[in-house]
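**Student:** Sharing a structure below in structure tokens format, with a few things to ask.
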Amino acid sequence: MKILVAIKRVLDANVPVRIRADGLDVEISGARMSINPFDEVALEEAVRLKECGSASEVLAVALGAAVNQDILRHALALGADRAVQVEAPAGLQPLGVAKLLQAVVAREQPDLVLIGKQAVDDDAGQEGQMLAALLGWPQATFVSALQIENQALQAVREVDGGTETLALPLPAVVTADLRLNEPRFIKLPSLMLARKKPIEALSADALGVDLAPRLSVKALSEPPARGAGRLVADAAELVECLQIEGRRLEIKELS
Amino acid sequence: MSILILAEHDGQALKPATRRVVGAASSWTLPADVLVVGSQAVAREAAQLAGIRQVLHLECDAVPVAEELAPLLVELMHEHSVLLAAHSSLARDVLPRAAALLDVAMIGDAVRITGPASYVRPMYAGRLLAKVDSRDAIQVVTVRAPLFTPVGDAPAVPIQTLPALTGSATTRRIAANQQVSERPQLASARVVVSGGRALGEQFDTLLAPLAETLGAALGATRAAVDAGFAANELQVGQTGIVVAPGIYLAVGLSGAAQHLAGMSDSDVIVAINQDPDAPIFKVADYGLVGNLFETVPAVTRAIRQLQERQA
Ligand SMILES: Cc1cc2nc3c(=O)[nH]c(=O)nc-3n(C[C@H](O)[C@H](O)[C@H](O)COP(=O)(O)OP(=O)(O)OC[C@H]3O[C@@H](n4cnc5c(N)ncnc54)[C@H](O)[C@@H]3O)c2cc1C
Ligand SMILES: Nc1ncnc2c1ncn2[C@@H]1O[C@H](COP(=O)(O)O)[C@@H](O)[C@H]1O
């Protein structure tokens, strides 16, 4: 079984977000970039499936500018067998990404596409579902546990208020929640080994995909700051304040 | 053209978010139909939502999986121009699938609707707001329900019954595990008491009594959930649930951007933390610097005394 993992290069989740001078995007030049945390989890799961014999090959795919090479090396060090870099213009949108991935799937014929449930930059959370739609494949989103047996998947999904378990045939698309696993720490020998693994370059043009943007960002802004708060001395004073707010908000328990 | 709203329910009753989504629909001046995929009782309840044109009802016991529900939405969109839902796990699963089948973009988690195809939505865990315009003829949109005004009831509108689905999905739901709790639902509670990693094994013993005195729902940080102190479905934040209650009481949590993403629209934020420099104090309206293991029981006691005096 072959697994395709799509990985996105994003501003590291722990660094401050600055708006670019033109106000239309985020300033990433010079900022620390990382593999999207959800994609690292998806990749770790794919590598584990290979290690336990359920999968035979793990392919990592990144779409975007050539600077994606660094995260592809990271993916290879984590255990992917090979990588594909699809060079594409900046400003890809979920539907365009899904169409590009659809074209890569047509070339590579994976049995399973495992991707992050959301990218921590746009927070769209749409890619897996859109790709599954275009491929006509079943989907399991927000997955926190995964099993493969006899060409079928069993996936536990995190849903509002609890969980549910789906059984679905392959090929399928699965999107990973952070709780699916804890990605391993990459050791130096794996990094060395990764240098020898192949990265194939493709171009979005060559894949012949319509990438016309459907959405246009008109402006970015920071949310309005909340007014300065007030420190209280002790529990009694806190409860007084709670009571005042409770009355204002007509909350029965506090009024 | 018109709006199609995907209703949410728990099998028996509409979820409060649906009333807010219907409220959000008034941003367009278009007739709105509500789709109920569920029981007769839910369809009848939906028919009384103020301001809607009609209910489309597909009778079934359990909501079909995305593989089956998305094509239904696509078919219904022949007669509608906006597909609208709350930014819930159901809609996040099925709406992107429907959007791709319709070959249109989806706008997720809109916090404001500023025109017929213009929205404001958060990015980067809510650290930025983006004003986005869509060029598509069909708008597929989820909204951050707590930020929109709910509609009330009105005389019932007609219910149109839809033909049963053919059962074409290859996916089967083999288990569903909904946590039942005496406490209010986290997504719609007026008061939320939320705990972080610092609560440790005492998460429940300390916070449950406080939540009870306040009629509050319990929430948690990802760190508290990952450490096993709190259940999954309590997670508030970028990757958990988004809430905007009247009062959000943040206890022993630092206020990481990913957590703030899920609660910074609360009316009043109250923080208890022993570290005066904790980021949560930057967004808190009231802050108490102190050891939670002493202050939480003290606050609980003080509220109880107050309630006893008033009783
Ligand atoms: C991709 C991604 C997604 C994420 N999604 C989410 C999400 O949805 N929700 C979420 O919450 N997090 C999320 N996180 C994690 C987030 O970044 C933080 O790690 C997490 O919120 C921290 O939880 P915490 O505040 O409980 O713990 P900590 O940051 O460890 O804070 C504990 C706090 O307790 C205080 N404290 C300690 N002892 C006491 C005491 N005795 N009395 C009073 N105060 C005390 C400390 O001063 C500290 O401020 C995500 C992270 C990533 C990378
Ligand atoms: N440019 C990209 N390159 C590779 N994978 C991507 C890209 N954009 C999105 N993805 C994948 O799609 C997932 C969901 O992204 P999104 O729908 O944008 O939140 C991510 O976790 C990635 O696995």
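Identifiers in the structure tokens: chain A, B, ... in order shown; residue index from 1 per chain; ligand index from 1 in order shown.
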Could you give me, as JSON lines, a per-residue list for chain A showing, wherever an atom lies at most 6 Å from an atom of chain B, the closest pair of atoms and their distance in Å to one decimal, using only C-alpha atoms and sorting by chain then residue number from low to high?
**Tutor:**
```
{"residue": "A:Val120", "atom": "CA", "partner": "B:Tyr124", "partner_atom": "CA", "distance": 5.9}
{"residue": "A:Asp121", "atom": "CA", "partner": "B:Tyr124", "partner_atom": "CA", "distance": 4.7}
{"residue": "A:Asp122", "atom": "CA", "partner": "B:Met123", "partner_atom": "CA", "distance": 5.0}
{"residue": "A:Asp123", "atom": "CA", "partner": "B:Met123", "partner_atom": "CA", "distance": 5.7}
{"residue": "A:Gln126", "atom": "CA", "partner": "B:Pro96", "partner_atom": "CA", "distance": 5.4}
{"residue": "A:Gln129", "atom": "CA", "partner": "B:Arg97", "partner_atom": "CA", "distance": 4.8}
{"residue": "A:Met130", "atom": "CA", "partner": "B:Arg97", "partner_atom": "CA", "distance": 4.8}
{"residue": "A:Ala133", "atom": "CA", "partner": "B:Arg97", "partner_atom": "CA", "distance": 5.2}
{"residue": "A:Pro138", "atom": "CA", "partner": "B:Glu67", "partner_atom": "CA", "distance": 5.9}
{"residue": "A:Val159", "atom": "CA", "partner": "B:Ser89", "partner_atom": "CA", "distance": 5.4}
{"residue": "A:Asp160", "atom": "CA", "partner": "B:Ser89", "partner_atom": "CA", "distance": 5.7}
{"residue": "A:Gly161", "atom": "CA", "partner": "B:Glu233", "partner_atom": "CA", "distance": 5.2}
{"residue": "A:Gly162", "atom": "CA", "partner": "B:Gln178", "partner_atom": "CA", "distance": 4.5}
{"residue": "A:Thr163", "atom": "CA", "partner": "B:Asn177", "partner_atom": "CA", "distance": 5.2}
{"residue": "A:Glu164", "atom": "CA", "partner": "B:Ala176", "partner_atom": "CA", "distance": 4.1}
{"residue": "A:Thr165", "atom": "CA", "partner": "B:Ala175", "partner_atom": "CA", "distance": 4.9}
{"residue": "A:Leu166", "atom": "CA", "partner": "B:Arg173", "partner_atom": "CA", "distance": 4.5}
{"residue": "A:Ala167", "atom": "CA", "partner": "B:Arg172", "partner_atom": "CA", "distance": 5.2}
{"residue": "A:Leu168", "atom": "CA", "partner": "B:Thr171", "partner_atom": "CA", "distance": 4.5}
{"residue": "A:Arg214", "atom": "CA", "partner": "B:Arg135", "partner_atom": "CA", "distance": 5.4}
{"residue": "A:Leu215", "atom": "CA", "partner": "B:Ser134", "partner_atom": "CA", "distance": 4.5}
{"residue": "A:Ser216", "atom": "CA", "partner": "B:Asp133", "partner_atom": "CA", "distance": 5.3}
{"residue": "A:Val217", "atom": "CA", "partner": "B:Val132", "partner_atom": "CA", "distance": 4.5}
{"residue": "A:Lys218", "atom": "CA", "partner": "B:Lys131", "partner_atom": "CA", "distance": 5.3}
{"residue": "A:Ala219", "atom": "CA", "partner": "B:Lys131", "partner_atom": "CA", "distance": 5.2}
{"residue": "A:Leu220", "atom": "CA", "partner": "B:Ala130", "partner_atom": "CA", "distance": 4.5}
{"residue": "A:Ser221", "atom": "CA", "partner": "B:Leu129", "partner_atom": "CA", "distance": 5.3}
{"residue": "A:Glu222", "atom": "CA", "partner": "B:Leu128", "partner_atom": "CA", "distance": 4.8}
{"residue": "A:Arg226", "atom": "CA", "partner": "B:Val283", "partner_atom": "CA", "distance": 5.8}
{"residue": "A:Gly229", "atom": "CA", "partner": "B:Asp285", "partner_atom": "CA", "distance": 4.0}
{"residue": "A:Arg230", "atom": "CA", "partner": "B:Tyr286", "partner_atom": "CA", "distance": 4.9}
{"residue": "A:Leu231", "atom": "CA", "partner": "B:Gly287", "partner_atom": "CA", "distance": 4.6}
{"residue": "A:Val232", "atom": "CA", "partner": "B:Leu288", "partner_atom": "CA", "distance": 5.4}
{"residue": "A:Ala235", "atom": "CA", "partner": "B:Val299", "partner_atom": "CA", "distance": 5.2}
{"residue": "A:Glu253", "atom": "CA", "partner": "B:Leu214", "partner_atom": "CA", "distance": 5.5}
```
**Student:** Please return, as a ChimeraX atom specification, all residues of range 52-206 of chain A that DSSP assigns to helix (DSSP H, G or I) on the basis of the backbone.
**Tutor:** /A:66-78,94-108,127-135,178-180,188-196,204-206
**Student:** When the cut-off is 7 Å and you count only C-alpha atoms and all ligand atoms, which residues lie near ligand 1, shown as number ranges by chain?
**Tutor:** A: 13, 37-38, 120; B: 195-198, 220-224, 235-240, 251-259, 262, 272-275, 278, 290-293
**Student:** Which residues form the shell of 7 Å around ligand 2 when you count only C-alpha atoms and all ligand atoms, given as a VMD selection string?
**Tutor:** chain A and resid 5 to 8 36 38 to 39 61 to 64 92 94 97 115 to 120 122 to 128
**Student:** For Ala204 in chain A, which of A:Pro89, A:Pro183, A:Pro171, A:Pro16 is the closest residue, counting only C-alpha atoms?
**Tutor:** A:Pro89
**Student:** Could you write out, as a ChimeraX atom specification, all the residues of range 81-150 of chain A that DSSP marks as strand (DSSP E)?
**Tutor:** /A:82-87,112-116,139-149
**Student:** Looking at only C-alpha atoms, which of A:Arg248, A:Cys52, A:Val113, A:Arg32 is the one that sits closest to Gln147 in chain A?
**Tutor:** A:Cys52
